[in-house]
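Student: Input file: data.txt. Contents: compact mmCIF, C-alpha atoms.
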```txt
# COMPACT_ATOMS: atom_id res chain seq x y z
CA MET A 46 -131.28 48.09 48.09
CA GLN A 47 -130.95 50.36 45.14
CA SER A 48 -128.42 51.86 42.77
CA ALA A 49 -126.43 49.74 40.32
CA GLY A 50 -125.57 47.60 43.27
CA LEU A 51 -129.07 46.21 43.57
CA ILE A 52 -129.31 44.64 40.14
CA VAL A 53 -125.91 42.99 40.48
CA GLY A 54 -126.55 42.35 44.16
CA THR A 55 -129.79 40.49 43.41
CA ALA A 56 -127.92 37.99 41.26
CA LEU A 57 -125.12 37.56 43.78
CA LEU A 58 -127.54 37.34 46.69
CA ALA A 59 -129.01 34.26 45.03
CA ILE A 60 -125.55 32.68 45.16
CA ALA A 61 -125.32 33.41 48.88
CA ALA A 62 -128.79 31.93 49.43
CA LEU A 63 -127.90 28.77 47.53
CA ALA A 64 -124.83 28.36 49.73
CA GLY A 65 -127.26 27.67 52.59
CA LEU A 66 -125.40 29.84 55.08
CA ALA A 67 -126.83 31.68 58.07
CA HIS A 68 -126.16 35.40 57.77
CA GLU A 69 -126.67 38.42 59.95
CA VAL A 70 -129.61 40.58 58.76
CA ALA A 71 -130.06 44.34 58.80
CA THR A 72 -132.06 45.25 61.89
CA PRO A 73 -133.01 48.57 63.53
CA GLY A 74 -130.66 49.93 66.13
CA TYR A 75 -127.45 49.02 64.34
CA ARG A 76 -124.57 50.98 65.86
CA TYR A 77 -122.30 52.31 63.13
CA GLU A 78 -118.61 52.71 63.79
CA PHE A 79 -116.31 54.48 61.36
CA PRO A 80 -113.94 53.91 59.70
CA ARG A 81 -114.75 50.21 60.34
CA ASP A 82 -118.14 50.38 58.61
CA HIS A 83 -116.68 51.76 55.39
CA PHE A 84 -115.21 48.30 54.75
CA GLU A 85 -116.14 44.61 54.62
CA HIS A 86 -118.94 42.93 56.64
CA PRO A 87 -118.53 39.20 55.87
CA ASN A 88 -121.33 38.22 58.30
CA PHE A 89 -123.80 39.74 55.83
CA ALA A 90 -124.64 37.91 52.61
CA MET A 91 -124.22 40.85 50.24
CA GLU A 92 -122.33 44.13 50.11
CA TRP A 93 -121.31 46.79 47.60
CA TRP A 94 -119.35 50.00 47.22
CA TYR A 95 -120.66 52.13 44.37
CA TYR A 96 -119.08 55.26 42.87
CA THR A 97 -120.51 57.47 40.12
CA GLY A 98 -119.61 60.95 38.95
CA ASN A 99 -119.97 63.70 36.38
CA LEU A 100 -116.64 65.03 35.08
CA ALA A 101 -115.38 67.54 32.51
CA ASP A 102 -111.95 68.43 31.12
CA ALA A 103 -110.53 71.94 30.65
CA GLY A 104 -112.16 72.19 27.23
CA GLY A 105 -115.61 71.40 28.64
CA ARG A 106 -115.80 67.83 27.29
CA ARG A 107 -118.11 65.89 29.60
CA PHE A 108 -117.88 62.36 30.93
CA GLY A 109 -119.70 60.11 33.37
CA PHE A 110 -118.09 57.25 35.28
CA GLU A 111 -119.21 54.28 37.36
CA LEU A 112 -116.82 52.13 39.41
CA THR A 113 -118.52 49.52 41.60
CA PHE A 114 -117.28 46.70 43.83
CA PHE A 115 -119.54 43.82 44.98
CA ARG A 116 -119.04 41.06 47.54
CA ALA A 117 -121.26 37.99 48.04
CA SER A 118 -120.82 35.24 50.61
CA ALA A 119 -120.55 31.88 48.86
CA GLY A 120 -119.16 29.50 51.50
CA SER A 121 -117.78 29.19 55.01
CA GLU A 122 -114.63 31.00 56.06
CA GLU A 123 -114.16 28.42 58.83
CA ALA A 124 -114.18 25.57 56.31
CA ALA A 125 -111.60 27.16 54.02
CA SER A 126 -108.55 24.89 53.65
CA SER A 127 -106.53 27.13 51.33
CA ALA A 128 -106.41 30.70 50.03
CA TRP A 129 -108.11 29.49 46.85
CA ASP A 130 -111.30 28.19 48.50
CA LEU A 131 -114.39 30.03 47.30
CA SER A 132 -115.82 31.66 50.44
CA GLN A 133 -116.52 35.08 48.93
CA ILE A 134 -117.26 36.18 45.36
CA TYR A 135 -116.16 39.64 44.22
CA VAL A 136 -117.51 41.34 41.07
CA ALA A 137 -116.61 44.81 39.78
CA HIS A 138 -118.00 47.08 37.05
CA PHE A 139 -116.14 49.95 35.36
CA VAL A 140 -118.20 52.12 32.99
CA VAL A 141 -117.37 55.42 31.26
CA THR A 142 -119.83 57.57 29.32
CA ASP A 143 -118.15 59.77 26.70
CA VAL A 144 -120.82 62.41 26.18
CA ALA A 145 -119.26 64.15 23.16
CA GLY A 146 -118.58 60.81 21.50
CA GLN A 147 -122.05 59.52 22.50
CA ARG A 148 -120.62 56.17 23.52
CA LEU A 149 -120.58 53.88 26.54
CA ILE A 150 -117.48 51.86 27.50
CA HIS A 151 -118.21 48.95 29.86
CA ARG A 152 -115.81 46.55 31.56
CA GLU A 153 -116.44 43.98 34.30
CA ARG A 154 -114.55 41.30 36.21
CA ALA A 155 -115.10 38.59 38.81
CA ASN A 156 -112.67 37.16 41.38
CA ARG A 157 -112.47 35.10 44.54
CA SER A 158 -110.54 36.59 47.46
CA GLY A 159 -107.71 34.11 46.94
CA PRO A 160 -104.24 35.28 47.94
CA GLY A 161 -105.14 38.96 47.85
CA LEU A 162 -107.01 39.04 44.53
CA ALA A 163 -109.96 41.04 45.88
CA GLY A 164 -111.32 42.34 49.16
CA ALA A 165 -112.18 45.33 51.34
CA SER A 166 -109.79 45.73 54.24
CA ALA A 167 -110.21 48.15 57.14
CA ALA A 168 -106.58 47.43 58.08
CA THR A 169 -105.26 48.89 54.82
CA GLY A 170 -108.18 51.22 54.05
CA THR A 171 -108.51 49.61 50.62
CA ILE A 172 -111.30 48.08 48.49
CA TRP A 173 -110.01 46.27 45.41
CA ASN A 174 -110.61 43.77 42.64
CA GLY A 175 -107.38 43.09 40.78
CA ASN A 176 -105.90 46.44 39.74
CA TRP A 177 -109.18 48.33 40.25
CA SER A 178 -109.20 49.90 43.69
CA VAL A 179 -110.40 52.49 46.17
CA GLU A 180 -108.13 53.72 48.95
CA PHE A 181 -109.44 55.67 51.94
CA LEU A 182 -107.11 58.20 53.56
CA LEU A 183 -108.24 57.53 57.11
CA GLY A 184 -106.82 60.50 58.98
CA ASP A 185 -110.34 61.97 59.03
CA THR A 186 -113.03 59.41 59.96
CA THR A 187 -115.93 61.72 59.00
CA MET A 188 -114.81 62.99 55.59
CA PRO A 189 -111.92 60.80 54.33
CA THR A 190 -110.48 61.50 50.89
CA GLN A 191 -110.85 58.47 48.61
CA THR A 192 -108.65 57.69 45.62
CA LEU A 193 -109.97 55.58 42.74
CA GLN A 194 -107.89 53.70 40.19
CA ALA A 195 -109.00 51.45 37.33
CA TRP A 196 -107.05 50.32 34.30
CA ASP A 197 -108.04 48.67 31.02
CA GLU A 198 -106.34 48.72 27.65
CA ALA A 199 -109.11 50.94 26.26
CA VAL A 200 -109.98 53.14 29.24
CA SER A 201 -108.52 54.02 32.64
CA LEU A 202 -108.97 56.54 35.44
CA GLU A 203 -107.10 57.88 38.44
CA LEU A 204 -109.24 60.14 40.61
CA SER A 205 -109.12 61.82 44.01
CA LEU A 206 -112.51 62.28 45.71
CA GLU A 207 -112.74 64.77 48.58
CA PRO A 208 -116.04 64.77 50.53
CA THR A 209 -117.50 68.22 51.15
CA LYS A 210 -120.12 66.82 53.54
CA PRO A 211 -119.94 64.04 56.15
CA HIS A 212 -121.34 60.62 55.31
CA VAL A 213 -125.13 60.19 55.45
CA ILE A 214 -126.91 57.16 56.95
CA HIS A 215 -130.10 56.53 54.96
CA GLY A 216 -133.41 55.49 56.48
CA GLU A 217 -134.27 55.60 60.15
CA ASP A 218 -132.86 53.87 63.23
CA GLY A 219 -129.90 52.58 61.25
CA VAL A 220 -131.79 50.75 58.47
CA SER A 221 -133.08 51.55 55.00
CA ARG A 222 -136.26 49.48 54.64
CA LYS A 223 -137.15 47.70 51.36
CA GLY A 224 -140.13 45.65 52.55
CA GLY A 225 -142.38 44.93 55.51
CA GLU A 226 -140.81 41.71 56.78
CA ALA A 227 -137.96 41.46 59.27
CA GLY A 228 -134.60 41.79 57.56
CA GLN A 229 -135.96 43.32 54.34
CA ALA A 230 -133.62 46.27 54.79
CA SER A 231 -130.02 47.32 54.38
CA HIS A 232 -127.46 49.32 56.28
CA TYR A 233 -126.84 52.12 53.80
CA VAL A 234 -124.23 54.89 53.94
CA SER A 235 -123.43 57.55 51.31
CA PHE A 236 -121.01 60.34 50.62
CA THR A 237 -123.36 62.48 48.54
CA ARG A 238 -121.02 65.23 47.34
CA MET A 239 -117.32 64.65 46.68
CA ARG A 240 -115.11 67.16 44.89
CA THR A 241 -113.29 65.14 42.23
CA SER A 242 -110.12 65.66 40.18
CA GLY A 243 -107.70 63.48 38.26
CA THR A 244 -107.19 61.88 34.87
CA LEU A 245 -109.43 59.88 32.57
CA THR A 246 -107.76 58.13 29.61
CA ILE A 247 -109.72 56.86 26.61
CA GLY A 248 -107.50 55.26 23.98
CA ASP A 249 -104.55 57.60 23.49
CA ALA A 250 -106.39 60.69 24.79
CA VAL A 251 -105.59 61.74 28.36
CA HIS A 252 -108.11 64.13 29.92
CA GLU A 253 -107.43 66.13 33.08
CA VAL A 254 -110.88 66.21 34.66
CA GLN A 255 -112.80 67.76 37.52
CA GLY A 256 -116.34 67.35 38.78
CA LEU A 257 -118.53 65.81 41.49
CA SER A 258 -118.89 62.20 42.59
CA TRP A 259 -121.29 60.18 44.75
CA MET A 260 -120.57 57.04 46.79
CA ASP A 261 -123.00 54.39 48.14
CA HIS A 262 -122.09 51.55 50.49
CA GLU A 263 -124.71 48.96 51.50
CA PHE A 264 -124.64 45.61 53.28
CA PHE A 265 -127.58 43.26 53.89
CA SER A 266 -128.76 39.65 53.72
CA GLU A 267 -132.42 39.68 52.63
CA ASP A 268 -133.96 40.67 49.28
CA MET A 269 -136.80 43.14 48.71
CA ALA A 270 -140.45 42.27 49.30
CA SER A 271 -142.17 40.11 46.68
CA GLY A 272 -144.09 41.85 43.90
CA ALA A 273 -141.32 44.21 42.85
CA VAL A 274 -140.40 44.10 39.15
CA GLY A 275 -137.70 46.79 39.05
CA TRP A 276 -136.69 50.16 40.36
CA ASP A 277 -135.80 53.71 39.31
CA TRP A 278 -132.96 55.27 41.30
CA LEU A 279 -131.56 58.79 41.13
CA SER A 280 -128.64 60.59 42.75
CA ILE A 281 -129.03 64.37 42.62
CA GLN A 282 -126.45 67.11 43.28
CA LEU A 283 -127.95 70.60 42.86
CA ASP A 284 -126.09 73.87 42.45
CA ASP A 285 -127.67 75.23 45.65
CA GLN A 286 -125.66 72.49 47.45
CA THR A 287 -128.72 70.29 48.11
CA ASP A 288 -128.32 66.54 47.44
CA LEU A 289 -130.98 63.84 47.11
CA MET A 290 -131.22 60.08 46.76
CA ILE A 291 -134.51 58.76 45.30
CA ALA A 292 -135.38 55.04 45.07
CA GLY A 293 -138.67 54.18 43.40
CA ILE A 294 -139.42 50.43 43.69
CA ARG A 295 -141.83 49.47 40.87
CA LEU A 296 -144.59 46.89 41.31
CA SER A 297 -146.15 44.70 38.62
CA ASN A 298 -149.20 47.01 38.42
CA GLY A 299 -146.96 49.93 37.42
CA GLU A 300 -147.26 51.71 40.75
CA TYR A 301 -144.48 52.36 43.22
CA SER A 302 -144.13 50.29 46.38
CA PRO A 303 -144.98 52.00 49.69
CA TYR A 304 -141.37 51.13 50.61
CA SER A 305 -140.03 53.48 47.94
CA HIS A 306 -138.01 56.10 49.70
CA GLY A 307 -135.34 58.78 49.54
CA THR A 308 -133.11 61.16 51.46
CA LEU A 309 -132.69 64.93 51.14
CA VAL A 310 -129.35 66.30 52.35
CA ASP A 311 -129.24 70.05 52.97
CA PRO A 312 -126.17 72.25 52.25
CA GLU A 313 -124.86 71.71 55.79
CA GLY A 314 -125.06 67.92 55.41
CA VAL A 315 -128.18 67.35 57.54
CA ALA A 316 -130.23 64.43 56.18
CA MET A 317 -134.03 64.26 56.03
CA PRO A 318 -135.65 60.88 55.21
CA LEU A 319 -138.31 60.89 52.48
CA ALA A 320 -141.21 58.42 52.44
CA SER A 321 -142.97 57.17 49.30
CA ASP A 322 -145.77 59.72 49.80
CA ASP A 323 -143.20 62.53 49.65
CA ILE A 324 -142.01 61.57 46.16
CA LEU A 325 -143.75 62.34 42.84
CA LEU A 326 -141.80 60.56 40.09
CA ALA A 327 -143.28 60.39 36.57
CA PRO A 328 -141.69 59.00 33.37
CA GLY A 329 -141.46 60.91 30.10
CA ARG A 330 -139.70 60.26 26.77
CA THR A 331 -138.46 56.70 26.19
CA TRP A 332 -135.45 55.23 24.38
CA GLN A 333 -135.51 51.68 22.97
CA SER A 334 -132.47 49.43 22.98
CA ASP A 335 -131.56 47.76 19.67
CA GLU A 336 -129.80 44.98 21.59
CA THR A 337 -132.47 43.92 24.10
CA GLY A 338 -135.60 45.67 22.83
CA ALA A 339 -136.18 47.21 26.27
CA LYS A 340 -137.82 50.64 26.39
CA TYR A 341 -136.39 52.91 29.07
CA PRO A 342 -137.95 56.22 30.16
CA VAL A 343 -134.82 58.37 29.89
CA GLU A 344 -136.62 61.61 30.78
CA TRP A 345 -138.49 62.11 34.06
CA SER A 346 -140.19 64.71 36.19
CA LEU A 347 -139.57 64.68 39.94
CA GLY A 348 -141.44 66.56 42.61
CA ILE A 349 -140.88 66.72 46.36
CA PRO A 350 -143.72 69.06 47.51
CA ARG A 351 -142.61 68.77 51.12
CA ALA A 352 -139.28 70.37 50.15
CA GLY A 353 -140.67 72.78 47.53
CA LEU A 354 -138.70 70.94 44.84
CA SER A 355 -139.64 70.38 41.18
CA LEU A 356 -137.12 68.97 38.68
CA ASP A 357 -136.89 67.78 35.08
CA VAL A 358 -134.44 64.93 34.47
CA ARG A 359 -132.58 64.64 31.14
CA PRO A 360 -129.90 62.12 30.06
CA LEU A 361 -126.51 63.17 28.71
CA HIS A 362 -126.65 60.14 26.40
CA ASP A 363 -129.67 57.95 25.61
CA ALA A 364 -127.87 54.66 24.88
CA GLN A 365 -126.59 53.83 28.37
CA GLU A 366 -127.89 50.28 28.70
CA ILE A 367 -125.37 47.97 30.37
CA VAL A 368 -125.65 44.38 29.13
CA SER A 369 -123.49 42.12 31.24
CA ARG A 370 -121.06 39.80 29.44
CA ALA A 371 -119.85 37.80 32.43
CA ALA A 372 -121.07 36.21 35.65
CA ARG A 373 -124.61 35.98 34.20
CA LEU A 374 -125.53 39.34 35.64
CA PRO A 375 -128.71 41.14 34.56
CA THR A 376 -129.13 44.12 32.25
CA TYR A 377 -129.78 47.69 33.42
CA TRP A 378 -129.65 51.32 32.24
CA GLU A 379 -127.26 53.59 34.12
CA GLY A 380 -125.77 56.94 33.24
CA PRO A 381 -125.20 60.64 33.94
CA VAL A 382 -128.17 63.02 33.82
CA THR A 383 -128.87 66.72 34.32
CA TYR A 384 -131.53 68.34 36.50
CA SER A 385 -133.30 71.67 36.07
CA GLY A 386 -136.26 73.23 37.84
CA SER A 387 -136.97 75.09 41.04
CA HIS A 388 -136.30 74.71 44.76
CA SER A 389 -138.30 76.80 47.23
CA GLY A 390 -139.23 79.16 44.39
CA ALA A 391 -135.67 79.73 43.13
CA PRO A 392 -134.33 78.30 39.85
CA VAL A 393 -131.91 75.41 40.31
CA GLU A 394 -129.80 73.09 38.15
CA GLY A 395 -127.58 70.13 38.82
CA GLY A 396 -126.23 66.75 37.82
CA GLY A 397 -126.19 63.17 39.02
CA TYR A 398 -126.97 59.63 37.93
CA LEU A 399 -130.07 57.65 36.94
CA GLU A 400 -130.47 53.88 37.10
CA MET A 401 -133.42 51.85 35.78
CA THR A 402 -133.89 48.09 36.04
CA GLY A 403 -136.50 45.54 35.03
CA TYR A 404 -137.47 47.18 31.74
CA ASP A 405 -136.25 44.23 29.69
CA GLY A 406 -138.93 42.10 31.40
CA VAL A 407 -136.52 39.50 32.77
CA LEU A 408 -135.56 40.92 36.16
CA ASN A 409 -135.99 38.34 38.91
CA LEU A 410 -135.87 39.77 42.41
CA SER A 411 -136.30 36.44 44.16
CA VAL A 412 -133.51 34.61 45.94
CA GLU A 413 -135.56 31.44 46.38
```
Translate the structure of the given file into structure tokens.

Tutor:
Amino acid sequence: MQSAGLIVGTALLAIAALAGLAHEVATPGYRYEFPRDHFEHPNFAMEWWYYTGNLADAGGRRFGFELTFFRASAGSEEAASSAWDLSQIYVAHFVVTDVAGQRLIHRERANRSGPGLAGASAATGTIWNGNWSVEFLLGDTTMPTQTLQAWDEAVSLELSLEPTKPHVIHGEDGVSRKGGEAGQASHYVSFTRMRTSGTLTIGDAVHEVQGLSWMDHEFFSEDMASGAVGWDWLSIQLDDQTDLMIAGIRLSNGEYSPYSHGTLVDPEGVAMPLASDDILLAPGRTWQSDETGAKYPVEWSLGIPRAGLSLDVRPLHDAQEIVSRAARLPTYWEGPVTYSGSHSGAPVEGGGYLEMTGYDGVLNLSVE
């Protein structure tokens, strides 16, 4: 469980645990079926759909965006007596980084399913929370185009995301492990490289944008192993068409958990799992938040010797801490970054996203 989803998911997973419900857990051998598995799995306690991307307009002005949808089980569907009963909680985040303006715009909302207020329907191919939505064009079950829409009085976007590689299933035997006990895992699917175009509006300025996006979808019922205090997660899209996901789970002693992991996706879309021993991730320069006092390492070095890969990680904007205003969700740093270095002896560059959690010292990964 990583990406922005994990920090929000941890809080919502506690709600599901307090509901006292029995949930299905992520176990090896899960048989994926698409397009069904792109949508809702209410038998699992927690689920999210997570989109990030690096965009630019015709003048070269750069932006990052995050649009995420979360679902947590909070009651029994069988016991529901009306459309307003609280059986599922839905939370969504919408964040835009304006690189030239060096500013972060953050919006969030929470809903119950109610009479169509929020959900993720395989029948309609839609994931939504109010007027924020994702629609899958399901004619192609391996690489469906996905359209994103989100509106706010200060910022809005309308984007079309076209996968250039098939979806990737992270981990092995159908599960991405987060700990050593049964169920400490997720079912985790990504579209790692999606050609993106559309409009991004900030105030009165409408920008026609293009770029690359990344999508994560996870569903699970158990939290990570005890002893974790936070994580460092990276999505990486290199100009040689290689993509990577890296999830470093930090322990209280400052080391990474042996359940840290990653995935390397080659230009043809073939995925190779990475174990913790494959990943060399070291922090560099830090930025301190005036609001929370947290110090975040915004620059990193990453090495994957097994793949002949060495990268420097640099943020497009230092002040990308997201402090939640609603639903009592935790604080995290999330934003667009650049990569530069070498791959198999050749120079390489790229973009992606970095997320860091637990640096404010208040992250609680327990659902007890």

Student: Which polymer residues have any atom within 7 Å of an atom of Glu366 (chain A), counting only C-alpha atoms, with same-chain residues fewer than 6 positions away left out, as a list in words?

Tutor: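 The residues that qualify are Tyr377, Trp378 and Glu379 of chain A.
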
Student: In Å, with one decimal, what is the gap from CA of Ser178 (chain A) to CA of Phe114 (chain A)?

Tutor: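 Going from CA of Ser178 (chain A) over to CA of Phe114 (chain A) covers 8.7 Å.
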
Student: Give me, as CSV, each residue of region 138-218 of chain A that comes within 12 Å of region 313-324 of chain A, together with its shortest interatomic pair and the distance in Å at one decimal, counting only C-alpha atoms, with rows ordered by chain and rising residue number.

Tutor:
```
residue,atom,partner,partner_atom,distance
A:Thr187,CA,A:Gly314,CA,11.6
A:Met188,CA,A:Gly314,CA,11.4
A:Pro208,CA,A:Gly314,CA,10.7
A:Thr209,CA,A:Gly314,CA,8.7
A:Lys210,CA,A:Gly314,CA,5.4
A:Pro211,CA,A:Gly314,CA,6.5
A:His212,CA,A:Gly314,CA,8.2
A:Val213,CA,A:Ala316,CA,6.7
A:Ile214,CA,A:Ala316,CA,8.0
A:His215,CA,A:Pro318,CA,7.1
A:Gly216,CA,A:Pro318,CA,6.0
A:Glu217,CA,A:Pro318,CA,7.4
A:Asp218,CA,A:Pro318,CA,11.0
```

Student: Compare A:Ala103, A:His306, A:Glu344, A:Trp278 by their minimum atom-to-atom distance to Thr244 (chain A), counting all atoms listed in the file, and give me the closest one.

Tutor: A:Ala103

Student: In terms of the shortest atom-to-atom distance over only C-alpha atoms, which of A:Val234, A:Val274, A:Ala250, A:Ala167 is closest to Ala199 (chain A)?

Tutor: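 Nearest to Ala199 (chain A): A:Ala250.
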
Student: Rank A:Leu399, A:Val136, A:Val141, A:Val220 by their smallest atom-to-atom distance to Ala155 (chain A), using only C-alpha atoms, and report the top residue only.

Tutor: A:Val136

Student: Can you pull out the residues contacting Arg157 (chain A)? Cut-off 6 Å, using only C-alpha atoms, and skip same-chain residues under 6 positions away; I want them as a ChimeraX atom specification.

Tutor: /A:133-135

Student: Rank nothing, just name the residue among A:Gly395, A:Pro342, A:Asn99, A:Gly219 nearest to Arg76 (chain A), using only C-alpha atoms.

Tutor: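 Selected residue with least distance to Arg76 (chain A): A:Gly219.
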
Student: Nearest to Asp143 (chain A): which of A:Gln282, A:Thr186, A:Thr237, A:Gln365 is it, counting all atoms listed in the file?

Tutor: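 Of the candidates, the smallest distance to Asp143 (chain A) is held by A:Gln365.
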
Student: What box, with edges along x, y and z, holds each listed atom of region 251-262 of chain A when 8 Å is added on every side, and can you state its centre and edge lengths in Å to one decimal, as lines of an AutoDock Vina configuration file?

Tutor:
```
center_x = -114.3
center_y = 59.7
center_z = 39.4
size_x = 33.4
size_y = 32.2
size_z = 38.1
```
